[in-house]
Number of protein chains: 2
Amino acid sequence: MSQNSEKKEYVTYGRAQNCDCGCGCALSENAVKITGCRFALSIMDDRYISIILGALEKTKTDKIWQETGRLSTVYRGKQCHVEDAVKACFVNAFTEGVHMTMEMTFSRGCPGDVEADVYMAEDDVLQNESQIKDIHFPVNCKIALYPMGVTNYMEHIAKVVNHAIDLGIYDKSTHYCTLLKGDVHELFSYFDYVNTYCSENLSHYVFEVTLSVNSPTAE
Amino acid sequence: MSQNSEKKEYVTYGRAQNCDCGCGCALSENAVKITGCRFALSIMDDRYISIILGALEKTKTDKIWQETGRLSTVYRGKQCHVEDAVKACFVNAFTEGVHMTMEMTFSRGCPGDVEADVYMAEDDVLQNESQIKDIHFPVNCKIALYPMGVTNYMEHIAKVVNHAIDLGIYDKSTHYCTLLKGDVHELFSYFDYVNTYCSENLSHYVFEVTLSVNSPTAE
C-alpha cells in the first residue's frame, strides 16, 4: 500500500483553499453564492425510463447549469432557478397511480466548491412555475438539515423544524429525520424558506429531502 | 400565528439535554453507542412490492431494533449487526436485470438521540453474512459524509475519501458527493471502515450512501 500510495492522486479537502484552520474557509465570494441541488427520481414502474425522460424534456433548464450521471442529476445556479427546475422535474414526472420518490440534496457554501460548473442567470423570472402552479397532489416527505462547521447546529435544525410546525406541514420527528406532509407547492415553498434561512445564517449547509407520492404503504 | 404558536408543541433540539452550549452534548453514554441506519429500497419495476417484501422476509433482524414507515425503514443497534442486516436487505432484493437503488443514512451520536428504540445484542456473531457472502454483483455508489459540530470536518471527509482511493473503489469526486464503484462486498466493507472511523473520531456524524445496480444509463 505505502509504495502505491505515493503515485495516487489524493483529495486535499480542508487544505487546498489556503486556510490554516482545516475547514477551507478561503472559498471565493462568487462560489459562495452558488446553490446546488443533486437529485434522483425513482419510479416504481416498468415505464420508469419514459416517465423520467418525459419529465426532463418538459422542464426548462436554460437558467441553470446541469449534469446527469448514472446515479443522479445536479443543477447549479441561483437558488430560485435551481428550486424552480427541480420542482418542475418532480411535478412533470408525477403520474397518477404510480409510486415515485425523489431524493434531493440542496447545498451551498461547501469549502471544496469551485466557481465553475454554474450558470447564474441575470434575472429572477422563473421558467417553469407558470406551467406547474395549478397541479396539486399530496406528498409525504422526510427532511434532514446538516449545518456544517458550527457547534450550535442543533439550534438551527430546531429553528427550521419549528417553522414547519407553524406552517402545518409537520408530521412527526423520528430517528435521523423529520417527516412532513402537504401539497407539493406547500412543501417546495418550505424548501425555499429553509434554503434562504441557511444561506443567511450558515456559511455551509446540506439539506437532504426525500419526497414520496402514491405509496402503497398504509399510513 | 403568535396566538396559535403558544399552543404548539415545538421541538427543543440543542436545549433539552441540559447543556449550555446549544449542541445537546449531555447525551447519555449508552445512547452514544447506538448506530442507526435509515434506508429505502427503490425498485424500478412493476414487481417492486413483492421484491421488497421478499428481501425483508429473507433478512434476519433479531439482533437489531427496527421500524418501517411510509418512506423508509430504520435499524438501530450495534454497528456490526445494523450493517449486516442492511447489507442483507440489499443483497436479498437484488434481481437480475432489474434497476434498483438503495438510499442509506448511517448515523451515530446525534445529540437529540434517546437511549430507547434499540436492541443491543450481546454477541457479535452476524446473522446474515453466511447466507450472502458468495453473492457478487457490481454496484455504483455515491457517498457524502457529514461530521457534525466540528470546524475541521473537511479533513475527516478527505480522510475517508482517500481510504476509498487506497482500496481502488474510488470513481470520482463531483459536486456534493463522491462516486464509488465495486463489488457489493467491497463497498459494504468500506462502509464498515467509515462507520468505525467516525465512531472513533467524531462525537456525531451522518454518512449518506446511495447504491445503484442494473442502471440503464451508460457510463
# chains A, B, ... in the order shown; residues from 1 in each chain; ligands from 1

call {"tool": "closest_atom_pairs", "arguments": {"of": "region 101-154 of chain A", "to": "region 168-190 of chain B", "cutoff": "9 Å", "atoms": "only C-alpha atoms", "output": "CSV"}}
result
residue,atom,partner,partner_atom,distance
A:Thr105,CA,B:Tyr176,CA,7.9
A:Phe106,CA,B:Tyr176,CA,8.7
A:Ser107,CA,B:Tyr176,CA,7.3
A:Cys110,CA,B:Tyr176,CA,8.0
A:Gly112,CA,B:His175,CA,8.9
A:Asp113,CA,B:His175,CA,7.4

call {"tool": "write_last_selection", "arguments": {"atoms": "C-alpha atoms", "output": "PDB file, in the first residue's frame"}}
result
ATOM      1  CA  THR A 105     -29.597  17.250  -1.711  1.00  0.00           C
ATOM      2  CA  PHE A 106     -29.617  21.056  -1.575  1.00  0.00           C
ATOM      3  CA  SER A 107     -26.304  22.633  -0.651  1.00  0.00           C
ATOM      4  CA  CYS A 110     -19.049  23.860   0.539  1.00  0.00           C
ATOM      5  CA  GLY A 112     -14.432  22.339  -1.613  1.00  0.00           C
ATOM      6  CA  ASP A 113     -16.702  24.111  -4.098  1.00  0.00           C
TER       7      ASP A 113
END

call {"tool": "closest_atom_pairs", "arguments": {"of": "chain B", "to": "chain A", "cutoff": "6 Å", "atoms": "only C-alpha atoms", "output": "CSV"}}
result
residue,atom,partner,partner_atom,distance
B:Tyr10,CA,A:Asn162,CA,5.7
B:Val11,CA,A:Ala158,CA,6.0
B:Tyr13,CA,A:Met154,CA,5.4
B:Gly14,CA,A:Met154,CA,4.9
B:Gly22,CA,A:Asn152,CA,5.1
B:Cys23,CA,A:Asn152,CA,4.9
B:Ile43,CA,A:Met44,CA,5.6
B:Met44,CA,A:Met44,CA,4.5
B:Asp45,CA,A:Asp45,CA,4.6
B:Asp46,CA,A:Asp45,CA,4.6
B:Arg70,CA,A:Thr217,CA,5.6
B:Gly149,CA,A:Thr151,CA,4.3
B:Val150,CA,A:Gly149,CA,5.2
B:Thr151,CA,A:Gly149,CA,4.2
B:Asn152,CA,A:Cys23,CA,4.9
B:Met154,CA,A:Gly14,CA,4.8
B:Glu155,CA,A:Gly14,CA,5.3
B:Ala158,CA,A:Tyr13,CA,5.4
B:Asn162,CA,A:Tyr10,CA,5.7
B:Thr217,CA,A:Arg70,CA,5.5

call {"tool": "residues_around", "arguments": {"residues": "Ala93 (chain A)", "least_positions_apart": "5", "cutoff": "9 Å", "atoms": "only C-alpha atoms", "output": "list in words"}}
result
Leu41, Ile43, Ile51, Ile52, Leu53, Gly54, Ala55, Leu56, Ala88 and Met100 of chain A

call {"tool": "select_by_dssp", "arguments": {"residues": "region 4-217 of chain A", "states": "helix (DSSP H, G or I)", "output": "ChimeraX atom specification"}}
result
/A:4-5,29-32,48-58,79-93,129-132,153-167,184-201

call {"tool": "closest_residue", "arguments": {"among": "A:Ala116, A:Cys198, A:Ala85, A:Ala40", "to": "Thr61 (chain A)", "atoms": "only C-alpha atoms"}}
result
A:Ala85

call {"tool": "closest_residue", "arguments": {"among": "B:Val125, B:Ile135, B:Met120, B:Val82", "to": "Thr95 (chain B)", "atoms": "only C-alpha atoms"}}
result
B:Ile135

call {"tool": "select_by_dssp", "arguments": {"residues": "chain B", "states": "strand (DSSP E)", "output": "number ranges by chain"}}
result
B: 35-43, 65-68, 73-77, 100-108, 138-147, 170-174, 177-183, 205-213

call {"tool": "atom_distance", "arguments": {"atom1": "CA of Lys63 (chain B)", "atom2": "CA of Tyr197 (chain B)"}}
result
22.6 Å

call {"tool": "atom_distance", "arguments": {"atom1": "CA of Ser199 (chain B)", "atom2": "CA of Ile64 (chain B)"}}
result
18.2 Å
